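The structure file input_33.tsv is reproduced below (TSV, C-alpha atoms and all ligand atoms).
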```tsv
chain	number	residue	atom	x	y	z
A	1	MET	CA	14.64	36.28	-57.96
A	2	SER	CA	16.60	34.39	-60.63
A	3	VAL	CA	19.04	31.55	-61.14
A	4	LEU	CA	22.56	32.34	-62.38
A	5	VAL	CA	24.55	29.64	-64.20
A	6	PHE	CA	28.23	29.90	-65.06
A	7	ALA	CA	28.88	27.89	-68.27
A	8	GLU	CA	32.58	27.52	-68.96
A	9	ALA	CA	33.71	27.41	-72.59
A	10	ILE	CA	37.10	26.27	-73.84
A	11	ASN	CA	38.05	27.94	-77.11
A	12	ASN	CA	34.39	28.82	-77.69
A	13	LYS	CA	33.27	25.21	-77.27
A	14	TYR	CA	31.17	23.79	-74.45
A	15	LYS	CA	31.78	20.48	-72.76
A	16	LYS	CA	28.72	18.41	-71.88
A	17	SER	CA	29.07	19.37	-68.20
A	18	SER	CA	28.69	23.06	-69.10
A	19	LEU	CA	25.51	22.38	-71.06
A	20	GLU	CA	24.18	20.19	-68.24
A	21	VAL	CA	24.40	23.07	-65.75
A	22	VAL	CA	22.46	25.30	-68.15
A	23	ASN	CA	19.76	22.57	-68.31
A	24	TYR	CA	19.84	22.29	-64.51
A	25	GLY	CA	19.47	26.05	-64.01
A	26	ALA	CA	16.65	26.25	-66.57
A	27	LYS	CA	14.72	23.40	-64.93
A	28	LEU	CA	15.19	24.88	-61.45
A	29	ALA	CA	14.06	28.32	-62.64
A	30	SER	CA	11.03	26.79	-64.33
A	31	SER	CA	9.99	24.93	-61.16
A	32	GLN	CA	10.42	28.13	-59.12
A	33	GLY	CA	8.65	30.37	-61.61
A	34	SER	CA	11.84	32.44	-61.90
A	35	ASN	CA	14.21	33.01	-64.81
A	36	VAL	CA	17.67	31.70	-65.67
A	37	ILE	CA	20.63	33.85	-66.66
A	38	VAL	CA	23.80	32.27	-68.02
A	39	LEU	CA	27.20	33.94	-67.73
A	40	THR	CA	29.83	32.53	-70.07
A	41	ASN	CA	33.35	33.15	-71.32
A	42	ALA	CA	32.73	32.75	-75.04
A	43	SER	CA	32.10	34.71	-78.20
A	44	ALA	CA	28.56	36.00	-78.73
A	45	ASP	CA	27.97	33.41	-81.47
A	46	ALA	CA	29.05	30.46	-79.32
A	47	ALA	CA	27.19	31.84	-76.28
A	48	ALA	CA	23.92	32.20	-78.21
A	49	GLU	CA	23.74	28.40	-78.54
A	50	LEU	CA	23.15	28.13	-74.78
A	51	GLY	CA	19.57	29.19	-75.47
A	52	LYS	CA	19.00	25.73	-76.90
A	53	TYR	CA	19.70	24.25	-73.47
A	54	GLY	CA	17.29	26.55	-71.67
A	55	ALA	CA	19.17	29.85	-71.13
A	56	GLN	CA	16.74	32.76	-71.23
A	57	LYS	CA	19.37	35.49	-70.98
A	58	VAL	CA	23.05	35.04	-71.84
A	59	LEU	CA	25.86	37.39	-70.76
A	60	ASN	CA	29.16	36.77	-72.51
A	61	PHE	CA	32.65	38.03	-71.88
A	62	GLU	CA	36.04	37.07	-73.26
A	63	SER	CA	39.01	36.97	-70.92
A	64	ASP	CA	42.52	35.53	-71.00
A	65	SER	CA	42.49	35.18	-67.22
A	66	LEU	CA	39.86	32.57	-66.60
A	67	HIS	CA	42.34	30.47	-64.63
A	68	ASP	CA	42.19	33.08	-61.85
A	69	ASN	CA	39.39	31.75	-59.66
A	70	LYS	CA	39.71	34.72	-57.30
A	71	MET	CA	38.86	37.08	-60.16
A	72	LEU	CA	36.24	34.81	-61.70
A	73	SER	CA	34.42	34.27	-58.40
A	74	GLN	CA	34.25	38.06	-58.01
A	75	ILE	CA	32.76	38.43	-61.50
A	76	ILE	CA	30.15	35.71	-60.86
A	77	SER	CA	29.25	37.14	-57.43
A	78	ASP	CA	28.89	40.66	-58.83
A	79	VAL	CA	26.63	39.40	-61.65
A	80	ALA	CA	24.57	37.41	-59.10
A	81	ASN	CA	24.08	40.58	-57.04
A	82	SER	CA	23.36	42.88	-59.98
A	83	HIS	CA	20.82	40.43	-61.46
A	84	ASN	CA	19.13	39.55	-58.18
A	85	ALA	CA	20.13	35.88	-58.48
A	86	ASP	CA	19.59	33.89	-55.31
A	87	THR	CA	20.98	30.59	-56.68
A	88	VAL	CA	24.28	30.11	-58.51
A	89	ILE	CA	24.88	26.87	-60.47
A	90	LEU	CA	28.32	25.60	-61.51
A	91	SER	CA	29.83	22.44	-62.99
A	92	ASP	CA	31.25	19.97	-60.48
A	93	ASN	CA	34.83	20.07	-61.74
A	94	SER	CA	37.89	21.42	-59.94
A	95	LYS	CA	37.16	24.95	-61.16
A	96	GLY	CA	33.49	24.77	-60.18
A	97	LYS	CA	34.30	23.46	-56.71
A	98	SER	CA	36.95	26.12	-56.15
A	99	LEU	CA	34.58	28.86	-57.33
A	100	ALA	CA	31.65	27.55	-55.27
A	101	GLY	CA	33.37	28.07	-51.93
A	102	ARG	CA	34.59	31.54	-52.83
A	103	ILE	CA	31.19	32.62	-54.19
A	104	ALA	CA	29.36	31.19	-51.14
A	105	ILE	CA	31.53	33.33	-48.86
A	106	LYS	CA	31.04	36.46	-50.96
A	107	LEU	CA	27.24	35.99	-51.13
A	108	ASP	CA	26.87	34.59	-47.60
A	109	ALA	CA	25.22	31.59	-49.26
A	110	ALA	CA	24.73	27.89	-48.45
A	111	ALA	CA	26.84	25.66	-50.71
A	112	VAL	CA	26.49	22.02	-51.77
A	113	SER	CA	28.94	20.36	-54.15
A	114	SER	CA	28.35	17.33	-56.41
A	115	ALA	CA	24.53	17.53	-56.35
A	116	THR	CA	22.95	14.65	-58.26
A	117	THR	CA	19.33	15.85	-58.26
A	118	LEU	CA	17.37	18.99	-58.92
A	119	PRO	CA	16.28	20.68	-55.68
A	120	ASN	CA	13.10	19.30	-54.18
A	121	LEU	CA	11.24	22.53	-53.42
A	122	GLU	CA	8.37	20.85	-51.59
A	123	ASP	CA	10.67	19.90	-48.72
A	124	GLY	CA	12.29	23.34	-48.54
A	125	PHE	CA	15.03	23.20	-51.20
A	126	VAL	CA	16.61	19.78	-50.66
A	127	VAL	CA	19.33	18.47	-52.99
A	128	GLN	CA	20.85	15.00	-52.93
A	129	LYS	CA	24.43	13.89	-53.31
A	130	SER	CA	26.25	10.59	-53.22
A	131	LEU	CA	28.23	9.84	-50.04
A	132	PHE	CA	30.73	7.22	-48.81
A	133	SER	CA	31.77	6.15	-52.31
A	134	GLY	CA	28.18	5.75	-53.43
A	135	LYS	CA	27.01	3.66	-50.48
A	136	ALA	CA	24.69	6.36	-49.14
A	137	ILE	CA	22.71	9.30	-50.45
A	138	GLY	CA	22.79	12.55	-48.47
A	139	HIS	CA	19.78	14.87	-48.50
A	140	TYR	CA	20.86	18.48	-47.93
A	141	GLN	CA	18.36	21.15	-47.03
A	142	MET	CA	19.77	24.50	-48.08
A	143	LYS	CA	18.33	26.95	-45.57
A	144	ALA	CA	20.14	30.19	-46.45
A	145	SER	CA	18.31	32.59	-48.76
A	146	LYS	CA	21.19	32.36	-51.25
A	147	LYS	CA	22.53	29.07	-52.54
A	148	VAL	CA	25.49	27.81	-54.55
A	149	ILE	CA	25.35	24.33	-56.14
A	150	THR	CA	27.85	22.37	-58.19
A	151	VAL	CA	26.15	19.68	-60.30
A	152	ALA	CA	27.76	16.24	-60.72
A	153	GLY	CA	28.26	15.32	-64.39
A	154	ASN	CA	25.88	12.82	-66.06
A	155	SER	CA	23.35	13.30	-63.24
A	156	ILE	CA	20.29	14.85	-64.83
A	157	GLY	CA	20.80	14.07	-68.51
A	158	LEU	CA	21.04	16.63	-71.27
A	159	GLU	CA	18.20	17.84	-73.47
A	160	GLU	CA	17.57	20.64	-75.91
A	161	MET	CA	14.77	22.77	-74.52
A	162	GLY	CA	14.81	26.12	-76.32
A	163	GLN	CA	16.10	28.31	-79.12
A	164	PRO	CA	19.39	30.25	-79.46
A	165	VAL	CA	19.26	33.65	-77.75
A	166	ALA	CA	21.29	36.75	-78.65
A	167	ALA	CA	24.05	37.12	-76.06
A	168	GLU	CA	24.63	40.46	-74.32
A	169	ALA	CA	28.24	41.53	-73.83
A	170	PHE	CA	29.36	41.69	-70.21
A	171	ASP	CA	32.23	44.12	-69.62
A	172	ALA	CA	34.85	42.30	-67.52
A	173	SER	CA	37.67	44.76	-68.29
A	174	ALA	CA	37.57	46.26	-64.81
A	175	TYR	CA	38.57	42.94	-63.22
A	176	ASN	CA	42.29	42.30	-62.85
A	177	ALA	CA	43.87	38.86	-62.57
A	178	THR	CA	46.14	38.29	-59.59
A	179	VAL	CA	47.99	35.35	-61.13
A	180	GLU	CA	49.35	34.83	-64.61
A	181	MET	CA	49.18	31.51	-66.48
A	182	VAL	CA	52.64	30.85	-67.88
A	183	GLU	CA	51.90	27.72	-69.91
A	184	THR	CA	49.11	25.18	-70.40
A	185	LYS	CA	49.33	21.70	-71.87
A	186	ARG	CA	45.97	20.19	-72.68
A	187	VAL	CA	45.33	16.48	-73.23
A	188	GLU	CA	43.63	16.43	-76.64
A	189	GLY	CA	41.42	13.95	-78.38
A	190	THR	CA	39.52	12.10	-75.67
A	191	VAL	CA	36.49	12.91	-73.57
A	192	PRO	CA	37.60	13.49	-69.94
A	193	LEU	CA	36.70	10.55	-67.68
A	194	PRO	CA	34.10	12.34	-65.52
A	195	GLU	CA	32.11	13.15	-68.69
A	196	ALA	CA	32.73	9.99	-70.68
A	197	GLU	CA	29.70	7.90	-71.61
A	198	LEU	CA	31.82	4.95	-72.76
A	199	VAL	CA	34.84	3.79	-70.74
A	200	VAL	CA	37.28	0.95	-71.39
A	201	SER	CA	39.25	0.21	-68.23
A	202	ALA	CA	42.03	-2.27	-67.50
A	203	GLY	CA	43.91	-3.60	-64.51
A	204	ARG	CA	46.85	-5.67	-63.40
A	205	GLY	CA	45.68	-8.56	-65.56
A	206	MET	CA	47.32	-6.67	-68.46
A	207	LYS	CA	50.74	-7.79	-67.09
A	208	GLY	CA	52.52	-4.60	-68.19
A	209	PRO	CA	52.22	-1.21	-69.92
A	210	GLU	CA	53.58	-2.63	-73.19
A	211	ASN	CA	50.29	-4.53	-73.67
A	212	TRP	CA	47.98	-1.49	-73.52
A	213	GLY	CA	47.70	-1.27	-77.31
A	214	ILE	CA	44.77	-3.72	-77.32
A	215	ILE	CA	42.92	-1.55	-74.77
A	216	GLU	CA	43.56	1.61	-76.79
A	217	ASP	CA	42.42	-0.12	-79.99
A	218	LEU	CA	39.16	-1.21	-78.36
A	219	ALA	CA	38.60	2.27	-76.87
A	220	LYS	CA	39.31	3.94	-80.20
A	221	THR	CA	36.91	1.63	-82.02
A	222	LEU	CA	34.14	2.41	-79.53
A	223	GLY	CA	34.99	6.12	-79.19
A	224	ALA	CA	35.56	5.43	-75.47
A	225	THR	CA	37.84	6.98	-72.84
A	226	THR	CA	40.44	4.76	-71.17
A	227	ALA	CA	40.68	4.20	-67.40
A	228	CYS	CA	42.62	1.89	-65.07
A	229	SER	CA	42.75	0.41	-61.57
A	230	ARG	CA	44.84	2.02	-58.88
A	231	PRO	CA	47.84	-0.36	-58.85
A	232	VAL	CA	48.19	0.22	-62.57
A	233	ALA	CA	48.52	3.97	-62.03
A	234	ASP	CA	50.64	3.52	-58.89
A	235	THR	CA	53.20	1.45	-60.77
A	236	GLY	CA	53.31	4.01	-63.59
A	237	TRP	CA	51.80	1.75	-66.27
A	238	ARG	CA	49.18	4.42	-66.91
A	239	PRO	CA	48.86	8.12	-65.95
A	240	HIS	CA	47.24	8.94	-62.61
A	241	HIS	CA	44.36	10.85	-64.23
A	242	GLU	CA	43.05	7.46	-65.50
A	243	HIS	CA	42.76	5.91	-62.03
A	244	VAL	CA	39.14	5.26	-61.03
A	245	GLY	CA	37.77	4.14	-57.69
A	246	GLN	CA	37.49	5.23	-54.09
A	247	THR	CA	40.77	7.12	-54.18
A	248	GLY	CA	40.56	7.99	-57.87
A	249	ILE	CA	37.85	9.47	-60.06
A	250	ALA	CA	34.24	8.36	-59.51
A	251	ILE	CA	32.47	7.90	-62.84
A	252	LYS	CA	29.02	6.88	-64.07
A	253	PRO	CA	29.23	6.22	-67.80
A	254	ASN	CA	26.59	4.43	-69.83
A	255	LEU	CA	29.05	1.60	-70.49
A	256	TYR	CA	32.03	0.49	-68.35
A	257	ILE	CA	34.14	-2.36	-69.73
A	258	ALA	CA	36.47	-3.75	-67.03
A	259	ILE	CA	39.32	-5.86	-68.40
A	260	GLY	CA	41.66	-7.83	-66.15
A	261	ILE	CA	40.39	-6.04	-63.03
A	262	SER	CA	39.47	-8.16	-60.01
A	263	GLY	CA	36.68	-5.87	-58.74
A	264	ALA	CA	37.98	-4.94	-55.30
A	265	ILE	CA	35.52	-2.93	-53.24
A	266	GLN	CA	37.69	0.19	-53.53
A	267	HIS	CA	37.58	-0.06	-57.32
A	268	LEU	CA	33.83	-0.73	-57.43
A	269	ALA	CA	33.21	2.34	-55.26
A	270	GLY	CA	34.15	4.56	-58.18
A	271	VAL	CA	32.39	2.70	-61.00
A	272	ASN	CA	29.32	0.97	-59.57
A	273	HIS	CA	26.99	3.75	-60.77
A	274	SER	CA	27.81	2.89	-64.40
A	275	LYS	CA	24.61	2.04	-66.28
A	276	THR	CA	25.99	-1.15	-67.88
A	277	ILE	CA	29.08	-3.01	-66.65
A	278	VAL	CA	30.88	-5.59	-68.80
A	279	VAL	CA	33.62	-7.64	-67.13
A	280	ILE	CA	36.32	-9.62	-68.92
A	281	ASN	CA	38.35	-11.81	-66.55
A	282	LYS	CA	39.86	-15.28	-66.81
A	283	ASP	CA	38.93	-16.10	-63.20
A	284	PRO	CA	35.22	-17.03	-62.93
A	285	GLU	CA	35.42	-16.30	-59.18
A	286	ALA	CA	36.59	-12.69	-59.70
A	287	PRO	CA	34.39	-10.47	-57.47
A	288	PHE	CA	33.71	-8.07	-60.35
A	289	PHE	CA	31.33	-10.60	-61.94
A	290	LYS	CA	28.88	-10.01	-59.05
A	291	ALA	CA	28.55	-6.36	-60.14
A	292	ALA	CA	28.51	-7.12	-63.87
A	293	ASP	CA	25.58	-6.89	-66.27
A	294	TYR	CA	27.53	-8.98	-68.79
A	295	GLY	CA	30.56	-11.15	-68.07
A	296	ILE	CA	33.09	-12.90	-70.30
A	297	VAL	CA	35.23	-15.56	-68.61
A	298	ALA	CA	38.24	-15.64	-70.91
A	299	ASP	CA	41.85	-14.68	-71.41
A	300	LEU	CA	41.79	-10.98	-72.19
A	301	PHE	CA	44.68	-11.31	-74.65
A	302	ASP	CA	42.47	-13.60	-76.69
A	303	VAL	CA	39.08	-11.95	-76.36
A	304	VAL	CA	39.87	-8.21	-76.48
A	305	PRO	CA	41.42	-8.19	-79.99
A	306	ARG	CA	38.55	-10.39	-81.23
A	307	LEU	CA	36.01	-8.01	-79.69
A	308	THR	CA	37.70	-5.03	-81.36
A	309	GLU	CA	37.74	-6.82	-84.70
A	310	ALA	CA	34.06	-7.75	-84.41
A	311	LEU	CA	33.14	-4.16	-83.53
A	312	GLN	CA	35.13	-2.81	-86.47
A	313	LYS	CA	33.32	-5.21	-88.83
A	314	PHE	CA	29.98	-4.22	-87.28
A	315	LYS	CA	30.75	-0.51	-87.74
A	316	ALA	CA	31.90	-1.06	-91.32
A	317	SER	CA	28.67	-2.85	-92.17
B	401	LIG	C1	42.52	2.53	-49.00
B	401	LIG	C2	42.54	1.88	-50.35
B	401	LIG	C3	42.04	2.58	-51.44
B	401	LIG	C4	42.05	1.99	-52.70
B	401	LIG	N1	41.55	2.71	-53.76
B	401	LIG	C5	41.49	2.10	-54.97
B	401	LIG	C6	40.90	2.79	-56.08
B	401	LIG	O1	40.47	3.93	-55.99
B	401	LIG	N2	40.85	2.14	-57.26
B	401	LIG	C7	41.33	0.84	-57.43
B	401	LIG	O2	41.24	0.33	-58.54
B	401	LIG	N3	41.87	0.21	-56.39
B	401	LIG	C8	41.99	0.80	-55.18
B	401	LIG	N4	42.57	0.13	-54.16
B	401	LIG	C9	43.22	-1.16	-54.44
B	401	LIG	C10	42.24	-2.32	-54.49
B	401	LIG	O3	42.04	-2.82	-53.18
B	401	LIG	C11	42.78	-3.45	-55.37
B	401	LIG	O4	44.03	-3.86	-54.87
B	401	LIG	C12	42.94	-3.05	-56.83
B	401	LIG	O5	41.73	-2.50	-57.32
B	401	LIG	C13	43.30	-4.27	-57.64
B	401	LIG	O6	43.61	-3.88	-58.95
B	401	LIG	P1	43.44	-4.88	-60.16
B	401	LIG	O7	42.07	-5.43	-60.16
B	401	LIG	O8	43.93	-4.20	-61.38
B	401	LIG	O9	44.52	-6.02	-59.83
B	401	LIG	P2	44.32	-7.49	-59.27
B	401	LIG	O10	43.56	-7.50	-58.02
B	401	LIG	O11	45.68	-8.07	-59.26
B	401	LIG	O12	43.42	-8.21	-60.35
B	401	LIG	C14	43.86	-8.56	-61.62
B	401	LIG	C15	42.74	-9.36	-62.28
B	401	LIG	O13	43.12	-9.65	-63.60
B	401	LIG	C16	42.69	-10.98	-63.89
B	401	LIG	N5	43.54	-11.49	-64.96
B	401	LIG	C17	44.86	-11.77	-64.89
B	401	LIG	N6	45.33	-12.19	-66.09
B	401	LIG	C18	44.24	-12.17	-66.93
B	401	LIG	C19	44.08	-12.52	-68.30
B	401	LIG	N7	45.10	-12.90	-69.06
B	401	LIG	N8	42.84	-12.39	-68.83
B	401	LIG	C20	41.78	-11.98	-68.09
B	401	LIG	N9	41.90	-11.65	-66.78
B	401	LIG	C21	43.11	-11.73	-66.21
B	401	LIG	C22	42.84	-11.75	-62.59
B	401	LIG	O14	41.99	-12.89	-62.58
B	401	LIG	C23	42.45	-10.69	-61.59
B	401	LIG	O15	41.07	-10.76	-61.28
B	401	LIG	C24	42.58	0.69	-52.89
B	401	LIG	C25	43.06	0.00	-51.78
B	401	LIG	C26	43.04	0.58	-50.53
B	401	LIG	C27	43.57	-0.20	-49.36
```
Render the structure in this file as structure tokens.
Ligand SMILES: Cc1cc2nc3c(=O)[nH]c(=O)nc-3n(C[C@H](O)[C@H](O)[C@H](O)COP(=O)(O)OP(=O)(O)OC[C@H]3O[C@@H](n4cnc5c(N)ncnc54)[C@H](O)[C@@H]3O)c2cc1C
Amino acid sequence: MSVLVFAEAINNKYKKSSLEVVNYGAKLASSQGSNVIVLTNASADAAAELGKYGAQKVLNFESDSLHDNKMLSQIISDVANSHNADTVILSDNSKGKSLAGRIAIKLDAAAVSSATTLPNLEDGFVVQKSLFSGKAIGHYQMKASKKVITVAGNSIGLEEMGQPVAAEAFDASAYNATVEMVETKRVEGTVPLPEAELVVSAGRGMKGPENWGIIEDLAKTLGATTACSRPVADTGWRPHHEHVGQTGIAIKPNLYIAIGISGAIQHLAGVNHSKTIVVINKDPEAPFFKAADYGIVADLFDVVPRLTEALQKFKAS
């Protein structure tokens, strides 16, 4: 019995969510008295680093066809079978969710996506996940002998818990892709919203897209990712991938700064798990203040540039 983790690398680098699943797999294996194997698409040098996050055995392969989830799910399922893995752990991103379903069918396994806790083994392998925009917590008992879990980002923290291990090459040459990637355009430079620990978000109070410079300046000063409310994305002021809330991305950063956002329930549904919420709004009755840890009642066009300036001075000192 063992736990198999798939840790996705991009250009031989791991995002936090990939390291978190290695941690998750290592902790699960430790509580079960089993071992954790990590399969990864990276060079042997990059893959060896996964040992620091708890990987006991690392299998690495390099492939140009990682976009093909049909092929990748076959590779992961075959490795699970050949290494006697009864639990497969994946990141909770679009790739992980797509793979999870395919792998569950191939292994005849139970599958739970977006798990926020390690399995409780005392109650018969129960994992929790957030439901109804964070208003409820579901407890899922996974009864099948094989299990597939995708782990929600920022759920269990990230810690170094081991030493680098020499990766073993996995031969993936026999697997053929069924689709070809013609072109990719990657957004560079910022941490993707689901993984961001610091988020600066703005709403209709900004009056128009031409004013977003002050938000970007604040985000850049803090090293934060930018987000927005739904109407802002709907009207094309900001790209749709920045929209957070019930119908957008659900996030739980350490710090969420909401600027010129009223705090409608549909917006709060996606951000109310943030550890610290700071609200800047000129209306003292804005509902967001009820969910805020810190609130500034002020005109954002006055306070945001001053906040950025103060932070820059603080960093310089
Ligand atoms: C089914 C459904 C799903 C939805 N899903 C989402 C979702 O996922 N995410 C989401 O965000 N919304 C969602 N909405 C929309 C939501 O109900 C709100 O309409 C929306 O969140 C409001 O956006 P806003 O706060 O940017 O704008 P507004 O409600 O217009 O608020 C603007 C705020 O800016 C403040 N302000 C204005 N000028 C200044 C200034 N100069 N300085 C400081 N403050 C200022 C105002 O006081 C006000 O509080 C959904 C709605 C429905 C019906």
Within 10 Å of segment 314-316 of chain A using all atoms listed in the file, minus same-chain residues under 5 positions, as a list of chain:residue names: A:Thr221, A:Leu222, A:Thr308, A:Glu309
Please produce an output containing C-alpha atoms for each residue in the selection, written as a PDB file, in the frame of the given file.
```pdb
ATOM      1  CA  THR A 221      36.910   1.630 -82.020  1.00  0.00           C
ATOM      2  CA  LEU A 222      34.140   2.410 -79.530  1.00  0.00           C
ATOM      3  CA  THR A 308      37.700  -5.030 -81.360  1.00  0.00           C
ATOM      4  CA  GLU A 309      37.740  -6.820 -84.700  1.00  0.00           C
TER       5      GLU A 309
END
```
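The neighbours of Ala167 of chain A here are the residues that come within 9 Å of it, using all atoms listed in the file and leaving out any residue fewer than 5 positions away in the same chain; they are Ser43, Ala44, Asp45, Ala46, Ala47, Ala48, Lys57, Val58, Leu59 and Asn60 of chain A.
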Starting from the point (40.5, -13.2, -72.6), work out which residues of protein, DNA or RNA have an atom no more than 12 Å away when counting only C-alpha atoms; state them as a ChimeraX atom specification. /A:205-206,214,258-261,279-284,295-307
With only C-alpha atoms as the counted atoms, please give the residues lying no more than 8 Å from Lys13 of chain A, apart from itself and same-chain residues fewer than 3 positions off, as a compact mmCIF listing (two decimals) with C-alpha atoms, in the coordinates of the input.
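Final file, out-v6.txt:
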```
# COMPACT_ATOMS: atom_id res chain seq x y z
CA ALA A 9 33.71 27.41 -72.59
CA ILE A 10 37.10 26.27 -73.84
CA ALA A 42 32.73 32.75 -75.04
CA ALA A 46 29.05 30.46 -79.32
```
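Of the listed residues A:Glu242, A:Glu168, A:Asp86, A:Glu195, the one whose atoms come nearest to Gln56 of chain A is A:Glu168, with distances taken using all atoms listed in the file.
Here atom CA of His267 of chain A and atom C6 of ligand LIG 401 (chain B) stand 4.5 Å from one another.
Each of A:Lys135, A:Lys52, A:His243, A:Lys16 was compared to Asp92 of chain A using all atoms listed in the file, and A:Lys16 turns out to be the nearest.
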